[in-house]
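Pasted below: structure.pdb, PDB, C-alpha atoms and all ligand atoms.
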```
ATOM      1  CA  MET A   1     -11.453  29.426   3.369
ATOM      2  CA  THR A   2      -8.706  31.620   4.822
ATOM      3  CA  PRO A   3      -6.024  32.297   2.223
ATOM      4  CA  PRO A   4      -2.851  30.224   2.637
ATOM      5  CA  LEU A   5       0.367  31.684   3.986
ATOM      6  CA  ASP A   6       3.177  32.036   1.458
ATOM      7  CA  LEU A   7       6.680  30.760   2.191
ATOM      8  CA  ASN A   8       8.944  31.419  -0.815
ATOM      9  CA  GLY A   9       6.055  30.410  -3.078
ATOM     10  CA  VAL A  10       4.965  27.368  -1.039
ATOM     11  CA  ALA A  11       1.304  27.744  -0.045
ATOM     12  CA  LEU A  12       0.737  26.828   3.582
ATOM     13  CA  HIS A  13      -2.765  26.013   4.787
ATOM     14  CA  LYS A  14      -2.510  26.135   8.571
ATOM     15  CA  ALA A  15      -4.733  23.733  10.552
ATOM     16  CA  TRP A  16      -6.467  22.458   7.419
ATOM     17  CA  LEU A  17      -7.356  19.212   9.228
ATOM     18  CA  ASP A  18      -9.142  19.375  12.569
ATOM     19  CA  ARG A  19      -8.240  16.980  15.370
ATOM     20  CA  PRO A  20     -10.806  14.261  14.503
ATOM     21  CA  ALA A  21      -9.654  14.313  10.871
ATOM     22  CA  GLN A  22      -6.027  14.041  12.006
ATOM     23  CA  GLU A  23      -6.871  11.087  14.252
ATOM     24  CA  ALA A  24      -8.707   9.320  11.435
ATOM     25  CA  MET A  25      -5.770   9.883   9.083
ATOM     26  CA  VAL A  26      -3.336   8.452  11.641
ATOM     27  CA  GLU A  27      -5.426   5.268  11.721
ATOM     28  CA  ASP A  28      -5.249   5.139   7.922
ATOM     29  CA  VAL A  29      -1.463   5.564   8.079
ATOM     30  CA  ARG A  30      -1.203   2.740  10.624
ATOM     31  CA  ALA A  31      -3.104   0.500   8.196
ATOM     32  CA  ILE A  32      -0.688   1.461   5.401
ATOM     33  CA  ALA A  33       2.256   0.592   7.647
ATOM     34  CA  ARG A  34       0.768  -2.804   8.495
ATOM     35  CA  ALA A  35       0.562  -3.637   4.763
ATOM     36  CA  ALA A  36       3.866  -1.979   3.803
ATOM     37  CA  PRO A  37       6.074  -1.592   6.885
ATOM     38  CA  PHE A  38       8.214   1.510   7.377
ATOM     39  CA  GLN A  39      11.758   1.067   6.064
ATOM     40  CA  ARG A  40      14.967   2.685   7.152
ATOM     41  CA  TYR A  41      16.821   3.255   3.898
ATOM     42  CA  THR A  42      20.477   3.930   3.369
ATOM     43  CA  THR A  43      21.322   6.751   0.996
ATOM     44  CA  ALA A  44      23.505   6.449  -2.087
ATOM     45  CA  TRP A  45      26.339   7.722   0.121
ATOM     46  CA  GLY A  46      25.925   4.801   2.503
ATOM     47  CA  LYS A  47      24.423   6.817   5.338
ATOM     48  CA  PRO A  48      21.260   5.497   6.996
ATOM     49  CA  MET A  49      18.424   8.019   6.734
ATOM     50  CA  THR A  50      16.981   9.268  10.009
ATOM     51  CA  VAL A  51      13.461   9.294   8.524
ATOM     52  CA  ARG A  52      11.624   5.986   8.051
ATOM     53  CA  MET A  53       9.559   5.630   4.895
ATOM     54  CA  THR A  54       6.699   3.746   3.332
ATOM     55  CA  ALA A  55       4.103   4.623   0.691
ATOM     56  CA  ALA A  56       0.625   4.131  -0.696
ATOM     57  CA  GLY A  57      -0.699   4.303  -4.227
ATOM     58  CA  ARG A  58       0.453   2.805  -7.478
ATOM     59  CA  LEU A  59       4.056   3.847  -6.943
ATOM     60  CA  GLY A  60       6.263   4.229  -3.893
ATOM     61  CA  TRP A  61       9.810   5.319  -3.286
ATOM     62  CA  VAL A  62      12.440   2.659  -2.681
ATOM     63  CA  ILE A  63      16.193   2.737  -2.291
ATOM     64  CA  GLU A  64      18.002  -0.440  -3.234
ATOM     65  CA  ARG A  65      21.780  -0.718  -3.096
ATOM     66  CA  GLY A  66      22.095   3.045  -3.127
ATOM     67  CA  ARG A  67      19.770   3.512  -6.125
ATOM     68  CA  TYR A  68      16.552   5.419  -5.678
ATOM     69  CA  ARG A  69      13.461   4.956  -7.767
ATOM     70  CA  TYR A  70       9.702   4.820  -7.812
ATOM     71  CA  ALA A  71       8.635   1.167  -7.705
ATOM     72  CA  ASP A  72       5.246  -0.540  -8.007
ATOM     73  CA  ARG A  73       6.016  -3.028  -5.217
ATOM     74  CA  HIS A  74       7.210  -2.394  -1.707
ATOM     75  CA  PRO A  75      10.455  -3.945  -0.433
ATOM     76  CA  ALA A  76       8.582  -6.735   1.400
ATOM     77  CA  GLY A  77       7.089  -7.797  -1.928
ATOM     78  CA  GLY A  78       3.458  -6.829  -2.478
ATOM     79  CA  PRO A  79       1.825  -3.881  -4.200
ATOM     80  CA  TRP A  80       1.545  -0.696  -2.148
ATOM     81  CA  PRO A  81      -1.764  -0.263  -0.329
ATOM     82  CA  PRO A  82      -4.227   2.186  -1.895
ATOM     83  CA  ILE A  83      -4.139   5.880  -0.972
ATOM     84  CA  PRO A  84      -6.819   6.348   1.718
ATOM     85  CA  ASP A  85      -9.882   8.459   0.913
ATOM     86  CA  SER A  86      -9.068  10.726   3.871
ATOM     87  CA  VAL A  87      -5.848  11.664   2.094
ATOM     88  CA  LEU A  88      -7.273  11.845  -1.426
ATOM     89  CA  SER A  89      -9.958  14.267  -0.277
ATOM     90  CA  VAL A  90      -7.278  16.775   0.773
ATOM     91  CA  TRP A  91      -5.692  16.489  -2.689
ATOM     92  CA  ARG A  92      -9.059  16.976  -4.411
ATOM     93  CA  ALA A  93      -9.814  20.055  -2.311
ATOM     94  CA  LEU A  94      -6.458  21.821  -2.599
ATOM     95  CA  SER A  95      -4.286  20.567  -5.474
ATOM     96  CA  GLY A  96      -6.160  22.140  -8.393
ATOM     97  CA  TRP A  97      -5.074  19.090 -10.429
ATOM     98  CA  PRO A  98      -7.738  17.206 -12.411
ATOM     99  CA  ARG A  99      -6.477  13.694 -11.648
ATOM    100  CA  ASP A 100      -5.680  11.841  -8.457
ATOM    101  CA  PRO A 101      -2.024  11.384  -7.490
ATOM    102  CA  ASP A 102      -0.370   8.038  -8.199
ATOM    103  CA  SER A 103       1.895   8.146  -5.164
ATOM    104  CA  CYS A 104       1.637   9.006  -1.492
ATOM    105  CA  LEU A 105       4.981   8.848   0.272
ATOM    106  CA  VAL A 106       4.799   8.463   4.040
ATOM    107  CA  ASN A 107       7.658   9.668   6.225
ATOM    108  CA  PHE A 108       7.993   8.972   9.933
ATOM    109  CA  TYR A 109      10.234  11.268  11.956
ATOM    110  CA  GLY A 110      11.219   9.864  15.353
ATOM    111  CA  GLU A 111      13.287  11.782  17.878
ATOM    112  CA  GLY A 112      16.221  13.491  16.166
ATOM    113  CA  ALA A 113      15.073  12.731  12.611
ATOM    114  CA  ARG A 114      15.484  15.373   9.924
ATOM    115  CA  MET A 115      15.547  15.696   6.160
ATOM    116  CA  GLY A 116      18.269  17.636   4.393
ATOM    117  CA  LEU A 117      17.646  20.303   1.776
ATOM    118  CA  HIS A 118      16.564  18.673  -1.514
ATOM    119  CA  ARG A 119      14.252  19.045  -4.497
ATOM    120  CA  ASP A 120      11.449  16.652  -5.403
ATOM    121  CA  GLU A 121      12.568  16.114  -8.973
ATOM    122  CA  ASP A 122      11.994  12.420  -9.711
ATOM    123  CA  GLU A 123       8.378  12.751 -10.797
ATOM    124  CA  GLY A 124       7.383  12.888 -14.435
ATOM    125  CA  GLU A 125       4.912  15.745 -14.099
ATOM    126  CA  PHE A 126       6.188  19.019 -12.677
ATOM    127  CA  ALA A 127       3.014  20.890 -13.638
ATOM    128  CA  ALA A 128       1.236  19.017 -10.832
ATOM    129  CA  PRO A 129       1.997  20.161  -7.295
ATOM    130  CA  VAL A 130       3.429  18.101  -4.462
ATOM    131  CA  LEU A 131       0.972  18.298  -1.566
ATOM    132  CA  SER A 132       2.334  17.670   1.920
ATOM    133  CA  ILE A 133       0.303  16.845   5.044
ATOM    134  CA  SER A 134       1.786  17.053   8.555
ATOM    135  CA  LEU A 135       0.577  14.987  11.522
ATOM    136  CA  GLY A 136       1.930  14.836  15.066
ATOM    137  CA  ASP A 137       4.945  16.665  16.429
ATOM    138  CA  PRO A 138       5.787  20.105  15.006
ATOM    139  CA  ALA A 139       8.665  20.439  12.543
ATOM    140  CA  THR A 140      10.826  23.286  11.323
ATOM    141  CA  PHE A 141      10.328  23.340   7.556
ATOM    142  CA  ARG A 142      12.854  25.208   5.419
ATOM    143  CA  VAL A 143      12.197  26.456   1.889
ATOM    144  CA  GLY A 144      14.719  28.016  -0.455
ATOM    145  CA  GLY A 145      14.642  28.725  -4.154
ATOM    146  CA  LEU A 146      15.368  26.870  -7.347
ATOM    147  CA  GLU A 147      19.085  26.739  -6.635
ATOM    148  CA  ARG A 148      20.655  25.165  -3.593
ATOM    149  CA  ARG A 149      22.489  28.339  -2.615
ATOM    150  CA  ALA A 150      19.399  30.577  -2.766
ATOM    151  CA  PRO A 151      18.376  32.108   0.565
ATOM    152  CA  THR A 152      15.986  30.029   2.658
ATOM    153  CA  ARG A 153      13.204  30.786   5.124
ATOM    154  CA  SER A 154      11.754  28.467   7.705
ATOM    155  CA  THR A 155       8.388  28.069   9.366
ATOM    156  CA  PRO A 156       6.825  25.570  11.750
ATOM    157  CA  LEU A 157       4.676  22.814  10.253
ATOM    158  CA  GLU A 158       2.167  21.666  12.819
ATOM    159  CA  SER A 159      -0.277  18.793  12.985
ATOM    160  CA  GLY A 160      -3.038  19.303  10.446
ATOM    161  CA  ASP A 161      -1.121  21.773   8.280
ATOM    162  CA  VAL A 162      -1.050  21.257   4.507
ATOM    163  CA  ALA A 163       1.765  22.690   2.367
ATOM    164  CA  ILE A 164       1.656  22.843  -1.427
ATOM    165  CA  LEU A 165       4.771  23.005  -3.555
ATOM    166  CA  GLY A 166       3.306  24.114  -6.826
ATOM    167  CA  GLY A 167       3.767  26.540  -9.691
ATOM    168  CA  PRO A 168       7.161  28.257  -9.568
ATOM    169  CA  ALA A 169       7.853  26.644  -6.159
ATOM    170  CA  ARG A 170       7.299  23.078  -7.421
ATOM    171  CA  LEU A 171      11.050  22.524  -7.721
ATOM    172  CA  ALA A 172      12.124  24.669  -4.786
ATOM    173  CA  TYR A 173      14.717  23.292  -2.393
ATOM    174  CA  HIS A 174      13.197  22.327   0.944
ATOM    175  CA  GLY A 175      13.906  20.230   4.014
ATOM    176  CA  VAL A 176      13.083  19.600   7.645
ATOM    177  CA  ASP A 177      15.663  20.930  10.124
ATOM    178  CA  ARG A 178      14.252  19.289  13.225
ATOM    179  CA  ILE A 179      11.113  18.176  14.937
ATOM    180  CA  ARG A 180      10.007  19.075  18.434
ATOM    181  CA  PHE A 181       9.702  15.517  19.730
ATOM    182  CA  GLY A 182       6.735  15.145  22.066
ATOM    183  CA  GLY A 183       5.378  18.542  21.001
ATOM    184  CA  SER A 184       1.994  17.106  20.015
ATOM    185  CA  THR A 185      -0.338  14.617  21.655
ATOM    186  CA  LEU A 186      -1.560  13.121  18.368
ATOM    187  CA  LEU A 187       0.803  10.123  18.317
ATOM    188  CA  PRO A 188       1.069   8.453  21.755
ATOM    189  CA  GLU A 189       4.527   7.150  20.804
ATOM    190  CA  GLY A 190       5.664  10.655  19.780
ATOM    191  CA  GLY A 191       7.081  11.693  16.434
ATOM    192  CA  ARG A 192       5.833  13.148  13.217
ATOM    193  CA  ILE A 193       4.159  11.702  10.128
ATOM    194  CA  ASN A 194       4.406  13.502   6.808
ATOM    195  CA  LEU A 195       2.490  12.431   3.726
ATOM    196  CA  THR A 196       3.342  13.769   0.275
ATOM    197  CA  LEU A 197       1.017  13.286  -2.658
ATOM    198  CA  ARG A 198       2.643  13.230  -6.059
ATOM    199  CA  VAL A 199       1.871  12.762  -9.730
ATOM    200  CA  VAL A 200       4.730  10.539 -10.842
ATOM    201  CA  THR A 201       3.555   9.514 -14.300
ATOM    202  CA  SER A 202       2.025  12.044 -16.676
ATOM    203  CA  ALA A 203      -0.679  10.091 -18.483
TER     204      ALA A 203
HETATM  205  O1  LIG A 301       8.458  16.083   6.004
HETATM  206  C1  LIG A 301       8.248  17.071   5.301
HETATM  207  O2  LIG A 301       7.546  18.020   5.690
HETATM  208  C2  LIG A 301       8.865  17.164   3.931
HETATM  209  C3  LIG A 301       9.081  15.831   3.291
HETATM  210  C4  LIG A 301       9.734  15.918   1.952
HETATM  211  O3  LIG A 301      10.242  16.934   1.589
HETATM  212  C5  LIG A 301       9.738  14.749   1.063
HETATM  213  O4  LIG A 301       9.270  13.664   1.454
HETATM  214  O5  LIG A 301      10.216  14.883  -0.066
HETATM  215 FE    FE A 302      10.670  16.811  -0.537
END
```

What's the structure tokens form of this structure?
Amino acid sequence: MTPPLDLNGVALHKAWLDRPAQEAMVEDVRAIARAAPFQRYTTAWGKPMTVRMTAAGRLGWVIERGRYRYADRHPAGGPWPPIPDSVLSVWRALSGWPRDPDSCLVNFYGEGARMGLHRDEDEGEFAAPVLSISLGDPATFRVGGLERRAPTRSTPLESGDVAILGGPARLAYHGVDRIRFGGSTLLPEGGRINLTLRVVTSA
């Protein structure tokens, strides 16, 4: 295995998934979205997010009346669908964590979607990494430090890349500046899918 690239402590495994594996994972994501449709949430500040979200696993992220939390049911009512094996196998190969994650958040970036600089700090177990899988159109991913004002660096995330926010970089600020809509042929409709695997409850 070629060693990962390092972006401010985030380990970046370029082209970890080959094209057939990416295509299979897209089918798994479509099945998740049939069971738990993508939502367009409004932030606590009343602004609609440009990214649409759903989830798999025991817990998923919901925003209700401006309050964010991990919930065990999706907004349409049922439990979240299980995390697909295609996704779990990436976690088992790269996370170094002895247990499977209890949450897989799924983001869809259409044309013009972005995600502002933030930290993933709502999980109960910061010793476990957050593992991020990119599918479809390329994105500009920005990583800073542990404080919002720390200097940042950016790098492209392309289809099949896996990024790991772990160790000292687990709580690093990060975000997606933009995607290059139509820059990949993986999704016929265009856009980018990002999956993040997380350990929310430390048991
Ligand atoms: O889309 C990405 O690459 C990052 C997503 C992210 O930071 C998050 O869902 O918390
Ligand atoms: Fe994040």

**OP:** Would you translate the PyMOL selection byres (((not hetatm)) within 10 of (chain A and resi 301)) into the concrete set of residues it matches in this file, as JSON, numbers by chain?
**Re:** {"A": [51, 53, 61, 104, 105, 106, 107, 108, 109, 113, 114, 115, 116, 117, 118, 119, 120, 121, 130, 131, 132, 133, 134, 135, 138, 139, 140, 141, 142, 143, 156, 157, 158, 161, 162, 163, 165, 173, 174, 175, 176, 177, 178, 179, 192, 193, 194, 195, 196, 197, 198]}

Subject >> Local residues around (9.2, 23.2, -8.7), at most 10 Å away, using only C-alpha atoms, as a list of chain:residue names >> reply: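 Taken together, the residues in range are A:Gly9, A:Val10, A:Arg119, A:Asp120, A:Glu121, A:Phe126, A:Ala127, A:Ala128, A:Pro129, A:Val130, A:Gly145, A:Leu146, A:Leu165, A:Gly166, A:Gly167, A:Pro168, A:Ala169, A:Arg170, A:Leu171, A:Ala172, A:Tyr173.
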
With the file shown as input, list the residues that the PyMOL selection byres (((chain A and resi 191) around 7) and not hetatm) selects, as a CSV table (one decimal) with C-alpha atoms, in the frame of the given file.
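Produced file expr.csv, reproduced below:
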```csv
chain,number,residue,atom,x,y,z
A,109,TYR,CA,10.2,11.3,12.0
A,110,GLY,CA,11.2,9.9,15.4
A,111,GLU,CA,13.3,11.8,17.9
A,136,GLY,CA,1.9,14.8,15.1
A,137,ASP,CA,4.9,16.7,16.4
A,181,PHE,CA,9.7,15.5,19.7
A,182,GLY,CA,6.7,15.1,22.1
A,187,LEU,CA,0.8,10.1,18.3
A,189,GLU,CA,4.5,7.2,20.8
A,190,GLY,CA,5.7,10.7,19.8
A,192,ARG,CA,5.8,13.1,13.2
A,193,ILE,CA,4.2,11.7,10.1
```

Original post:
Rounded to one decimal in Å, what is the spacing between CA of Glu23 in chain A and CA of Ser89 in chain A?
Top reply: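 Pair CA of Glu23 in chain A / CA of Ser89 in chain A returns 15.2 Å.
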
**OP:** One decimal, Å: what's the distance from CA of Asp6 in chain A over to CA of Arg148 in chain A, could you say?
**Re:**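 Taking CA of Asp6 in chain A and CA of Arg148 in chain A, their separation equals 19.4 Å.
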
Original post:
Can you tell me how far CA of Ser103 in chain A sits from CA of Leu59 in chain A, in Å to one decimal?
Top reply: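 It comes out at 5.1 Å.
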
**OP:** Anything within 6 Å of (2.6, 13.7, -12.2): list those residues as a count of residues only, counting all atoms listed in the file and sticking to the file's coordinates.
**Re:** 7

Subject >> Among the residues A:Gly144, A:Gly112, A:Pro84, A:Gly78, the one that comes closest to ligand FE 302 (chain A) [using all atoms listed in the file] >> reply: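 For ligand FE 302 (chain A), the nearest of the given residues is A:Gly144.
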
**OP:** Using the chain letters and numbers from the file, give me the residues hit by the PyMOL selection byres (((chain A and resi 58) around 9) and not hetatm), as a PyMOL selection string.
**Re:** chain A and resi 56-57+59-60+71-73+79-83+101-104

Original post:
A:Leu94, A:Val87, A:Ala44, A:Ala76: which is nearest Ala24 in chain A, counting all atoms listed in the file?
Top reply: A:Val87

Subject >> Which residue of A:Pro188, A:Lys47, A:Ala55, A:Ser159 approaches Asp28 in chain A most closely, using all atoms listed in the file >> reply: A:Ala55

Subject >> Residue nearest Glu64 in chain A among A:Leu88, A:Tyr41, A:Gly77, A:Ala21 (counting all atoms listed in the file) >> reply: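 Looking at the shortest contact to Glu64 in chain A, the residue is A:Tyr41.
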
Original post:
Contacts of Arg65 in chain A at 12 Å or less, counting all atoms listed in the file, minus same-chain residues fewer than 3 places along, as a PyMOL selection string?
Top reply: chain A and resi 41-48+62+68-69

Subject >> Residue nearest ligand FE 302 (chain A) - candidates A:Ile164, A:Leu186, A:Arg40, A:Lys14, atoms counted: all atoms listed in the file >> reply: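 Answer, going by the shortest atom-to-atom distance: A:Ile164.
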
**OP:** Can you work out which one of A:Thr185, A:Glu123, A:Ala203, A:Ala150 has the shortest atom-to-atom distance to Asn8 in chain A, counting all atoms listed in the file?
**Re:**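 Under the stated criterion, the closest residue is A:Ala150.
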
N, CA and C atoms are what I want for range 144-167 of chain A; can you complete it accordingly and write them as a PDB file, in the coordinates of the input?
```pdb
ATOM      1  N   GLY A 144      13.832  27.097   0.239  1.00  0.00           N
ATOM      2  CA  GLY A 144      14.719  28.016  -0.455  1.00  0.00           C
ATOM      3  C   GLY A 144      14.161  28.345  -1.827  1.00  0.00           C
ATOM      4  N   GLY A 145      15.048  28.409  -2.791  1.00  0.00           N
ATOM      5  CA  GLY A 145      14.642  28.725  -4.154  1.00  0.00           C
ATOM      6  C   GLY A 145      14.971  27.579  -5.082  1.00  0.00           C
ATOM      7  N   LEU A 146      15.150  27.910  -6.350  1.00  0.00           N
ATOM      8  CA  LEU A 146      15.368  26.870  -7.347  1.00  0.00           C
ATOM      9  C   LEU A 146      16.824  26.418  -7.393  1.00  0.00           C
ATOM     10  N   GLU A 147      17.686  27.163  -6.717  1.00  0.00           N
ATOM     11  CA  GLU A 147      19.085  26.739  -6.635  1.00  0.00           C
ATOM     12  C   GLU A 147      19.446  26.520  -5.181  1.00  0.00           C
ATOM     13  N   ARG A 148      20.321  25.557  -4.963  1.00  0.00           N
ATOM     14  CA  ARG A 148      20.655  25.165  -3.593  1.00  0.00           C
ATOM     15  C   ARG A 148      21.168  26.337  -2.767  1.00  0.00           C
ATOM     16  N   ARG A 149      21.883  27.268  -3.407  1.00  0.00           N
ATOM     17  CA  ARG A 149      22.489  28.339  -2.615  1.00  0.00           C
ATOM     18  C   ARG A 149      21.537  29.520  -2.393  1.00  0.00           C
ATOM     19  N   ALA A 150      20.344  29.466  -2.953  1.00  0.00           N
ATOM     20  CA  ALA A 150      19.399  30.577  -2.766  1.00  0.00           C
ATOM     21  C   ALA A 150      19.045  30.713  -1.287  1.00  0.00           C
ATOM     22  N   PRO A 151      18.725  31.932  -0.846  1.00  0.00           N
ATOM     23  CA  PRO A 151      18.376  32.108   0.565  1.00  0.00           C
ATOM     24  C   PRO A 151      17.143  31.297   0.949  1.00  0.00           C
ATOM     25  N   THR A 152      17.094  30.861   2.186  1.00  0.00           N
ATOM     26  CA  THR A 152      15.986  30.029   2.658  1.00  0.00           C
ATOM     27  C   THR A 152      15.238  30.748   3.786  1.00  0.00           C
ATOM     28  N   ARG A 153      14.001  30.319   3.982  1.00  0.00           N
ATOM     29  CA  ARG A 153      13.204  30.786   5.124  1.00  0.00           C
ATOM     30  C   ARG A 153      12.623  29.548   5.779  1.00  0.00           C
ATOM     31  N   SER A 154      12.354  29.623   7.057  1.00  0.00           N
ATOM     32  CA  SER A 154      11.754  28.467   7.705  1.00  0.00           C
ATOM     33  C   SER A 154      10.501  28.864   8.464  1.00  0.00           C
ATOM     34  N   THR A 155       9.659  27.870   8.673  1.00  0.00           N
ATOM     35  CA  THR A 155       8.388  28.069   9.366  1.00  0.00           C
ATOM     36  C   THR A 155       8.020  26.765  10.061  1.00  0.00           C
ATOM     37  N   PRO A 156       7.273  26.829  11.153  1.00  0.00           N
ATOM     38  CA  PRO A 156       6.825  25.570  11.750  1.00  0.00           C
ATOM     39  C   PRO A 156       5.743  24.912  10.910  1.00  0.00           C
ATOM     40  N   LEU A 157       5.808  23.595  10.778  1.00  0.00           N
ATOM     41  CA  LEU A 157       4.676  22.814  10.253  1.00  0.00           C
ATOM     42  C   LEU A 157       4.100  22.053  11.434  1.00  0.00           C
ATOM     43  N   GLU A 158       2.816  22.286  11.670  1.00  0.00           N
ATOM     44  CA  GLU A 158       2.167  21.666  12.819  1.00  0.00           C
ATOM     45  C   GLU A 158       1.135  20.656  12.360  1.00  0.00           C
ATOM     46  N   SER A 159       0.664  19.854  13.303  1.00  0.00           N
ATOM     47  CA  SER A 159      -0.277  18.793  12.985  1.00  0.00           C
ATOM     48  C   SER A 159      -1.530  19.371  12.328  1.00  0.00           C
ATOM     49  N   GLY A 160      -1.865  18.835  11.177  1.00  0.00           N
ATOM     50  CA  GLY A 160      -3.038  19.303  10.446  1.00  0.00           C
ATOM     51  C   GLY A 160      -2.735  20.326   9.372  1.00  0.00           C
ATOM     52  N   ASP A 161      -1.498  20.806   9.320  1.00  0.00           N
ATOM     53  CA  ASP A 161      -1.121  21.773   8.280  1.00  0.00           C
ATOM     54  C   ASP A 161      -0.934  21.061   6.934  1.00  0.00           C
ATOM     55  N   VAL A 162      -1.260  21.772   5.862  1.00  0.00           N
ATOM     56  CA  VAL A 162      -1.050  21.257   4.507  1.00  0.00           C
ATOM     57  C   VAL A 162      -0.213  22.273   3.739  1.00  0.00           C
ATOM     58  N   ALA A 163       0.883  21.818   3.156  1.00  0.00           N
ATOM     59  CA  ALA A 163       1.765  22.690   2.367  1.00  0.00           C
ATOM     60  C   ALA A 163       1.724  22.226   0.916  1.00  0.00           C
ATOM     61  N   ILE A 164       1.730  23.184  -0.004  1.00  0.00           N
ATOM     62  CA  ILE A 164       1.656  22.843  -1.427  1.00  0.00           C
ATOM     63  C   ILE A 164       2.841  23.448  -2.156  1.00  0.00           C
ATOM     64  N   LEU A 165       3.671  22.555  -2.701  1.00  0.00           N
ATOM     65  CA  LEU A 165       4.771  23.005  -3.555  1.00  0.00           C
ATOM     66  C   LEU A 165       4.259  22.927  -4.980  1.00  0.00           C
ATOM     67  N   GLY A 166       3.887  24.092  -5.490  1.00  0.00           N
ATOM     68  CA  GLY A 166       3.306  24.114  -6.826  1.00  0.00           C
ATOM     69  C   GLY A 166       3.759  25.342  -7.581  1.00  0.00           C
ATOM     70  N   GLY A 167       3.402  25.393  -8.863  1.00  0.00           N
ATOM     71  CA  GLY A 167       3.767  26.540  -9.691  1.00  0.00           C
ATOM     72  C   GLY A 167       5.266  26.737  -9.666  1.00  0.00           C
TER      73      GLY A 167
END
```
